[in-house]
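Asks: File follows, input06.cif with mmCIF, C-alpha atoms:
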data_upload
loop_
_atom_site.label_atom_id
_atom_site.label_comp_id
_atom_site.auth_asym_id
_atom_site.auth_seq_id
_atom_site.Cartn_x
_atom_site.Cartn_y
_atom_site.Cartn_z
CA MET L 1 -18.03 21.96 9.82
CA SER L 2 -18.31 22.90 6.15
CA ARG L 3 -14.65 22.03 5.64
CA ASP L 4 -15.10 18.43 6.84
CA ARG L 5 -18.29 17.88 4.86
CA ILE L 6 -16.72 19.25 1.68
CA LEU L 7 -13.59 17.16 2.16
CA ALA L 8 -15.70 14.03 2.65
CA TYR L 9 -17.54 14.75 -0.60
CA PHE L 10 -14.30 15.45 -2.48
CA GLU L 11 -12.81 12.20 -1.16
CA GLU L 12 -15.85 10.26 -2.39
CA HIS L 13 -15.48 11.87 -5.84
CA LYS L 14 -11.70 12.08 -6.05
CA GLY L 15 -10.53 12.94 -9.58
CA GLU L 16 -14.02 14.07 -10.61
CA VAL L 17 -15.14 17.63 -11.31
CA VAL L 18 -17.53 18.79 -8.58
CA PRO L 19 -19.64 21.87 -9.52
CA GLY L 20 -19.53 24.49 -6.78
CA ASN L 21 -23.25 25.35 -7.03
CA GLU L 22 -24.24 21.68 -6.75
CA LEU L 23 -21.98 21.26 -3.72
CA ALA L 24 -23.53 24.32 -2.05
CA LEU L 25 -27.06 23.03 -2.65
CA LEU L 26 -26.23 19.49 -1.54
CA LEU L 27 -24.67 20.63 1.74
CA GLY L 28 -27.08 23.51 2.36
CA ILE L 29 -24.38 26.19 2.47
CA THR L 30 -23.52 29.24 0.38
CA ARG L 31 -21.14 29.34 -2.58
CA SER L 32 -18.99 31.67 -0.48
CA ALA L 33 -18.76 29.02 2.27
CA VAL L 34 -17.73 26.45 -0.35
CA TRP L 35 -15.00 28.76 -1.64
CA LYS L 36 -13.69 29.52 1.86
CA SER L 37 -13.57 25.82 2.73
CA VAL L 38 -11.72 25.01 -0.51
CA GLN L 39 -9.14 27.70 0.30
CA GLN L 40 -8.68 26.24 3.78
CA LEU L 41 -8.14 22.76 2.36
CA ARG L 42 -5.59 24.11 -0.11
CA GLN L 43 -3.69 25.79 2.71
CA GLU L 44 -3.59 22.42 4.47
CA GLY L 45 -1.96 20.92 1.38
CA TYR L 46 -4.82 19.31 -0.54
CA ASP L 47 -4.31 19.49 -4.31
CA ILE L 48 -7.63 20.99 -5.43
CA THR L 49 -7.92 22.41 -8.94
CA SER L 50 -10.40 25.18 -9.80
CA LEU L 51 -11.94 24.86 -13.26
CA LYS L 52 -13.46 28.09 -14.55
CA ARG L 53 -17.26 27.92 -14.83
CA THR L 54 -17.09 24.20 -14.07
CA GLY L 55 -16.18 23.51 -10.43
CA TYR L 56 -13.44 21.93 -8.32
CA ARG L 57 -11.47 18.70 -8.53
CA LEU L 58 -9.50 16.94 -5.80
CA GLU L 59 -6.64 15.46 -7.79
CA GLU L 60 -6.12 11.68 -7.69
CA ASN L 61 -2.59 11.94 -6.31
CA SER L 62 -3.47 14.37 -3.54
CA ASP L 63 -2.23 12.47 -0.50
CA ILE L 64 -2.59 14.45 2.70
CA LEU L 65 -3.42 12.29 5.70
CA SER L 66 -7.12 12.78 6.32
CA GLU L 67 -9.21 11.83 9.35
CA VAL L 68 -12.25 11.83 7.06
CA LYS L 69 -10.59 9.42 4.61
CA ILE L 70 -9.25 7.14 7.35
CA ARG L 71 -12.64 6.93 9.06
CA SER L 72 -14.50 6.28 5.79
CA GLY L 73 -12.32 3.19 5.23
CA LEU L 74 -12.73 1.70 8.69
CA SER L 75 -15.04 -1.27 9.26
CA ALA L 76 -18.35 -0.72 11.08
CA PRO L 77 -17.11 -1.58 14.62
CA LEU L 78 -14.41 1.09 14.31
CA LYS L 79 -16.42 3.94 12.78
CA ASN L 80 -16.60 5.85 16.08
CA ALA L 81 -12.94 5.41 16.99
CA ARG L 82 -11.12 8.54 18.11
CA ILE L 83 -8.68 9.55 15.35
CA ALA L 84 -5.96 12.17 15.80
CA VAL L 85 -4.08 13.22 12.65
CA TYR L 86 -1.04 15.48 13.00
CA LYS L 87 1.08 17.43 10.55
CA SER L 88 4.07 16.88 12.82
CA VAL L 89 4.41 15.14 16.16
CA ASP L 90 7.20 13.86 18.36
CA SER L 91 6.00 10.24 18.26
CA THR L 92 2.62 8.70 17.54
CA ASN L 93 3.34 6.04 20.17
CA LEU L 94 3.95 8.77 22.74
CA GLN L 95 0.65 10.43 21.82
CA ILE L 96 -1.17 7.12 22.24
CA LYS L 97 0.41 6.55 25.64
CA LEU L 98 -0.66 10.03 26.74
CA ALA L 99 -4.17 9.35 25.44
CA ALA L 100 -4.27 6.07 27.37
CA LEU L 101 -3.26 7.80 30.59
CA LYS L 102 -6.08 10.31 30.04
CA GLY L 103 -8.53 7.42 29.81
CA ASP L 104 -9.13 7.23 26.05
CA GLY L 105 -10.71 4.01 24.85
CA GLU L 106 -9.42 1.10 22.85
CA TRP L 107 -8.86 1.68 19.12
CA THR L 108 -7.86 5.30 19.52
CA ILE L 109 -5.69 6.03 16.45
CA ALA L 110 -2.81 8.50 16.06
CA ALA L 111 -1.25 9.19 12.65
CA SER L 112 1.14 11.90 11.51
CA GLU L 113 2.69 13.30 8.36
CA GLU L 114 6.04 13.25 10.17
CA GLN L 115 7.62 12.31 13.49
CA THR L 116 10.41 14.37 14.98
CA LYS L 117 11.36 11.73 17.57
CA GLY L 118 10.28 8.49 15.95
CA ARG L 119 11.82 5.48 17.67
CA GLY L 120 12.38 1.81 17.02
CA HIS L 121 13.65 -1.00 19.22
CA ARG L 122 16.33 -0.17 21.81
CA GLN L 123 15.47 3.54 21.48
CA ARG L 124 17.01 3.72 18.01
CA GLU L 125 15.94 6.70 15.91
CA TYR L 126 13.33 5.84 13.27
CA PRO L 127 13.52 8.36 10.37
CA SER L 128 10.03 9.72 9.69
CA PRO L 129 10.23 12.47 7.02
CA SER L 130 7.09 14.43 6.17
CA GLY L 131 4.76 12.89 3.60
CA LYS L 132 7.04 9.93 2.91
CA GLY L 133 5.54 7.21 5.06
CA VAL L 134 2.77 5.92 7.28
CA TYR L 135 3.47 6.71 10.93
CA LEU L 136 0.64 5.12 12.87
CA SER L 137 -0.13 4.00 16.41
CA VAL L 138 -3.19 2.28 17.89
CA LEU L 139 -4.31 2.02 21.52
CA LEU L 140 -5.32 -1.39 22.86
CA ARG L 141 -6.37 -2.38 26.37
CA PRO L 142 -5.83 -6.15 26.08
CA ARG L 143 -7.99 -8.51 28.07
CA GLY L 144 -8.32 -12.26 27.78
CA LEU L 145 -4.94 -12.79 26.10
CA SER L 146 -2.57 -15.43 27.41
CA ASP L 147 0.67 -13.62 26.50
CA PRO L 148 0.17 -10.04 25.21
CA ARG L 149 3.92 -9.38 25.01
CA ARG L 150 4.24 -12.09 22.37
CA GLU L 151 0.78 -11.96 20.81
CA LEU L 152 0.41 -8.22 20.14
CA PRO L 153 3.62 -7.87 18.05
CA MET L 154 2.50 -10.94 16.08
CA LEU L 155 -0.91 -9.38 15.40
CA ALA L 156 0.68 -6.08 14.36
CA ALA L 157 2.99 -7.83 11.89
CA LEU L 158 0.08 -9.80 10.40
CA ALA L 159 -2.00 -6.63 10.12
CA VAL L 160 0.73 -4.69 8.32
CA CYS L 161 1.44 -7.53 5.87
CA GLY L 162 -2.28 -7.99 5.21
CA GLY L 163 -3.01 -4.29 4.81
CA ILE L 164 -0.06 -3.76 2.48
CA ARG L 165 -1.08 -6.69 0.31
CA GLU L 166 -4.73 -5.53 0.20
CA ARG L 167 -3.91 -1.97 -0.89
CA THR L 168 -0.75 -2.49 -2.99
CA GLY L 169 -0.51 -6.15 -3.96
CA VAL L 170 2.96 -6.37 -2.39
CA ALA L 171 3.50 -9.74 -0.67
CA ALA L 172 5.67 -8.61 2.24
CA GLY L 173 7.15 -11.00 4.79
CA ILE L 174 8.20 -10.91 8.44
CA ALA L 175 11.87 -10.96 9.44
CA GLY L 176 12.96 -11.46 13.02
CA ALA L 177 10.17 -10.78 15.47
CA ASP L 178 8.31 -8.03 13.66
CA ASP L 179 10.26 -6.29 10.88
CA ILE L 180 8.28 -6.22 7.63
CA VAL L 181 10.46 -6.86 4.58
CA TYR L 182 10.30 -7.32 0.82
CA GLY L 183 13.11 -8.75 -1.27
CA GLY L 184 15.33 -8.93 1.81
CA LYS L 185 14.94 -5.19 2.51
CA LYS L 186 12.99 -3.54 5.29
CA LEU L 187 9.64 -1.89 4.48
CA CYS L 188 8.29 -1.31 7.97
CA GLY L 189 9.25 -1.30 11.62
CA ILE L 190 6.88 -2.15 14.47
CA LEU L 191 7.19 -1.04 18.08
CA CYS L 192 4.76 -2.37 20.71
CA GLU L 193 5.01 -0.59 24.05
CA MET L 194 2.99 -1.71 27.07
CA MET L 195 2.24 -0.45 30.56
CA CYS L 196 1.74 -3.13 33.21
CA GLU L 197 0.27 -3.10 36.70
CA CYS L 198 3.22 -3.75 39.03
CA GLU L 199 1.81 -6.38 41.39
CA SER L 200 -0.24 -8.50 38.98
CA GLY L 201 1.77 -7.94 35.80
CA GLN L 202 -1.54 -7.28 33.98
CA VAL L 203 -1.07 -5.20 30.82
CA GLU L 204 -3.05 -1.99 31.36
CA PHE L 205 -2.66 -0.73 27.80
CA ALA L 206 -0.51 -1.15 24.71
CA ALA L 207 0.61 1.34 22.09
CA ILE L 208 1.01 -0.50 18.78
CA GLY L 209 3.30 1.61 16.57
CA MET L 210 3.98 1.06 12.87
CA GLY L 211 6.26 3.01 10.55
CA ILE L 212 5.90 2.09 6.86
CA ARG L 213 8.23 3.40 4.18
CA VAL L 214 5.96 4.52 1.32
CA TYR L 215 7.88 7.05 -0.80
CA MET L 216 11.41 7.01 0.64
CA PRO L 217 14.39 6.32 -1.64
CA GLU L 218 15.81 2.81 -1.54
CA GLU L 219 18.84 2.24 0.66
CA GLU L 220 21.22 -0.66 1.15
CA SER L 221 19.02 -2.47 3.68
CA GLU L 222 15.69 -0.65 3.26
CA THR L 223 13.16 -0.09 0.50
CA SER L 224 9.71 1.47 0.11
CA LEU L 225 6.36 0.62 -1.46
CA GLY L 226 6.82 3.29 -4.13
CA THR L 227 10.25 1.91 -5.05
CA VAL L 228 8.98 -1.67 -5.21
CA THR L 229 5.96 -0.94 -7.43
CA GLY L 230 6.52 2.49 -8.98
CA CYS L 231 2.95 3.34 -8.04
CA TYR L 232 1.16 6.00 -5.99
CA TYR L 233 -0.73 4.90 -2.87
CA ASN L 234 -3.17 6.77 -0.68
CA ARG L 235 -1.70 6.60 2.81
CA SER L 236 -5.05 7.17 4.55
CA GLU L 237 -6.48 4.12 2.77
CA LEU L 238 -3.44 2.10 3.80
CA ILE L 239 -3.97 3.11 7.44
CA SER L 240 -7.63 2.03 7.33
CA ALA L 241 -6.74 -1.33 5.82
CA ILE L 242 -4.10 -2.04 8.47
CA VAL L 243 -6.32 -1.03 11.40
CA ASN L 244 -9.18 -3.15 10.01
CA ARG L 245 -6.85 -6.16 9.80
CA LEU L 246 -5.58 -5.56 13.32
CA TYR L 247 -9.15 -5.46 14.64
CA GLU L 248 -10.11 -8.68 12.81
CA GLN L 249 -7.08 -10.55 14.14
CA TYR L 250 -7.39 -9.15 17.67
CA THR L 251 -11.02 -10.29 17.92
CA ALA L 252 -10.09 -13.67 16.41
CA LEU L 253 -7.38 -14.10 19.04
CA GLN L 254 -9.85 -13.25 21.81
CA ALA L 255 -12.20 -15.85 20.31
CA GLY L 256 -9.59 -18.60 20.68
CA GLU L 257 -8.10 -18.66 17.18
CA GLY L 258 -4.52 -18.25 18.36
CA GLU L 259 -3.23 -21.42 16.66
CA ARG L 260 -4.53 -20.30 13.26
CA LEU L 261 -3.00 -16.86 13.64
CA LEU L 262 0.33 -18.38 14.68
CA LYS L 263 0.32 -20.56 11.55
CA ASP L 264 -0.39 -17.48 9.40
CA TYR L 265 2.47 -15.67 11.12
CA ARG L 266 4.92 -18.53 10.56
CA ARG L 267 3.96 -18.74 6.86
CA LEU L 268 5.00 -15.10 6.44
CA GLN L 269 8.32 -15.44 8.23
CA VAL L 270 11.43 -15.20 6.05
CA LYS L 271 15.02 -16.08 6.87
#
What does this structure look like when you write it as structure tokens?
Replies:
Amino acid sequence: MSRDRILAYFEEHKGEVVPGNELALLLGITRSAVWKSVQQLRQEGYDITSLKRTGYRLEENSDILSEVKIRSGLSAPLKNARIAVYKSVDSTNLQIKLAALKGDGEWTIAASEEQTKGRGHRQREYPSPSGKGVYLSVLLRPRGLSDPRRELPMLAALAVCGGIRERTGVAAGIAGADDIVYGGKKLCGILCEMMCECESGQVEFAAIGMGIRVYMPEEESETSLGTVTGCYYNRSELISAIVNRLYEQYTALQAGEGERLLKDYRRLQVK
């Protein structure tokens, strides 16, 4: 699709002026097709400026969740992962569970601009306003793990802390089992839901859900990355970084590095 190819090029040259005629020649499409695709992207919410007689520019702070941008940031083993990006969805964890029941493979990713029925532990509502956070779930079909119910939440917490630090420099910690905090205030909640085979107890699949506060106002017990740093962050890049970390740690655990990962987890725990 012209739209996807143009978006990929804009993402690679974010903040730069891209001449329309050069883009048409590069992609082998007409100037009219370029214009139509730019209009479609604008309708979807991308902040694209038209510069008379010069070209187009995807503004630096344009932050619409993008499958193209998420995929471009994933490591090589994940490049072909199925990625579903929603404007609004009931729950990304629910979408992953439905995908698992349909037979989708490991590392299927669901992300949304908002959740209307986001949930945390004990079925508590998890506020997920549009454009204000990262609402992300990943499908795993764990094999070769000694205790998935304990290990998968640990891996998720490590992945979130590592991805946040990589993209923002914020050194978040882990409170309780899997709440991600900074300065004693909550940045992220994690919800790992699993389906088990009744007789054997074998975990058939797991939905690893993460809700990160990126631009929400600070509250008494909760904060956000934007509040902590005062900076803008691309949420698609943050998603890629977290999923990459989760993949690295998951494969390390399968390779017998559980003790090292547990030590890393304990180092990040805060009281």
Asks: Compare L:Leu41, L:Ile29, L:Met195, L:Leu225 by their minimum atom-to-atom distance to Arg3 in chain L, counting only C-alpha atoms, and give me the closest one.
Replies: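 The answer is L:Leu41, which sits nearest to Arg3 in chain L.
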Asks: Pull the closest atom pair for each residue of range 172-224 of chain L that gets at most 12 Å from range 119-128 of chain L, along with the distance in Å to one decimal, counting all atoms listed in the file, ordering rows by chain and then ascending residue number, as a Markdown table.
Replies:
| residue | atom | partner | partner_atom | distance |
| --- | --- | --- | --- | --- |
| L:Ala177 | CA | L:His121 | CA | 11.0 |
| L:Asp178 | CA | L:His121 | CA | 10.4 |
| L:Asp179 | CA | L:Gly120 | CA | 10.4 |
| L:Cys188 | CA | L:Tyr126 | CA | 10.2 |
| L:Gly189 | CA | L:Gly120 | CA | 7.0 |
| L:Ile190 | CA | L:Gly120 | CA | 7.2 |
| L:Leu191 | CA | L:Gly120 | CA | 6.0 |
| L:Cys192 | CA | L:His121 | CA | 9.1 |
| L:Glu193 | CA | L:His121 | CA | 9.9 |
| L:Ile208 | CA | L:Gly120 | CA | 11.7 |
| L:Gly209 | CA | L:Gly120 | CA | 9.1 |
| L:Met210 | CA | L:Gly120 | CA | 9.4 |
| L:Gly211 | CA | L:Ser128 | CA | 7.7 |
| L:Ile212 | CA | L:Ser128 | CA | 9.1 |
| L:Arg213 | CA | L:Ser128 | CA | 8.6 |
| L:Val214 | CA | L:Ser128 | CA | 10.7 |
| L:Tyr215 | CA | L:Ser128 | CA | 11.0 |
| L:Met216 | CA | L:Ser128 | CA | 9.5 |
| L:Glu222 | CA | L:Pro127 | CA | 11.7 |
Asks: To verify the selection step, state as a list in words which residues the PyMOL selection byres ((chain L and resi 182) around 9) yields on this input.
Replies: Val170, Ala171, Ala172, Gly173, Ile174, Ile180, Val181, Gly183, Gly184, Lys185, Lys186, Leu187, Glu222, Thr223, Ser224 and Val228 of chain L
Asks: Report as a list in words the residues that result from applying the PyMOL selection byres ((chain L and resi 104-108) around 10) to the structure here.
Replies: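 Answer for the PyMOL selection byres ((chain L and resi 104-108) around 10): Pro77, Leu78, Asn80, Ala81, Arg82, Ile83, Ala84, Ile96, Lys97, Leu98, Ala99, Ala100, Leu101, Lys102, Gly103, Ile109, Ala110, Ser137, Val138, Leu139, Leu140, Arg141, Pro142, Phe205, Ala206, Ala207, Val243, Leu246 and Tyr247 of chain L.
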Asks: Which residues are near Val38 in chain L? Cut-off 12 Å, only C-alpha atoms, ignore same chain within fewer than 2 positions. Put them as a ChimeraX atom specification.
Replies: /L:2-7,9-10,18,20,23-24,31-36,40-50,55-58
Asks: If you keep C-alpha atoms, can you produce a file of those selected residues as a compact mmCIF listing (two decimals), in the coordinates of the input?
Replies:
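This is the output file selection.txt:
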# COMPACT_ATOMS: atom_id res chain seq x y z
CA SER L 2 -18.31 22.90 6.15
CA ARG L 3 -14.65 22.03 5.64
CA ASP L 4 -15.10 18.43 6.84
CA ARG L 5 -18.29 17.88 4.86
CA ILE L 6 -16.72 19.25 1.68
CA LEU L 7 -13.59 17.16 2.16
CA TYR L 9 -17.54 14.75 -0.60
CA PHE L 10 -14.30 15.45 -2.48
CA VAL L 18 -17.53 18.79 -8.58
CA GLY L 20 -19.53 24.49 -6.78
CA LEU L 23 -21.98 21.26 -3.72
CA ALA L 24 -23.53 24.32 -2.05
CA ARG L 31 -21.14 29.34 -2.58
CA SER L 32 -18.99 31.67 -0.48
CA ALA L 33 -18.76 29.02 2.27
CA VAL L 34 -17.73 26.45 -0.35
CA TRP L 35 -15.00 28.76 -1.64
CA LYS L 36 -13.69 29.52 1.86
CA GLN L 40 -8.68 26.24 3.78
CA LEU L 41 -8.14 22.76 2.36
CA ARG L 42 -5.59 24.11 -0.11
CA GLN L 43 -3.69 25.79 2.71
CA GLU L 44 -3.59 22.42 4.47
CA GLY L 45 -1.96 20.92 1.38
CA TYR L 46 -4.82 19.31 -0.54
CA ASP L 47 -4.31 19.49 -4.31
CA ILE L 48 -7.63 20.99 -5.43
CA THR L 49 -7.92 22.41 -8.94
CA SER L 50 -10.40 25.18 -9.80
CA GLY L 55 -16.18 23.51 -10.43
CA TYR L 56 -13.44 21.93 -8.32
CA ARG L 57 -11.47 18.70 -8.53
CA LEU L 58 -9.50 16.94 -5.80
Asks: Identify the residues within 9 Å of coordinate (5.7, 12.8, 11.1) (same frame as the file), considering only C-alpha atoms, and give the answer as a PyMOL selection string.
Replies: chain L and resi 86-92+111-118+128-135
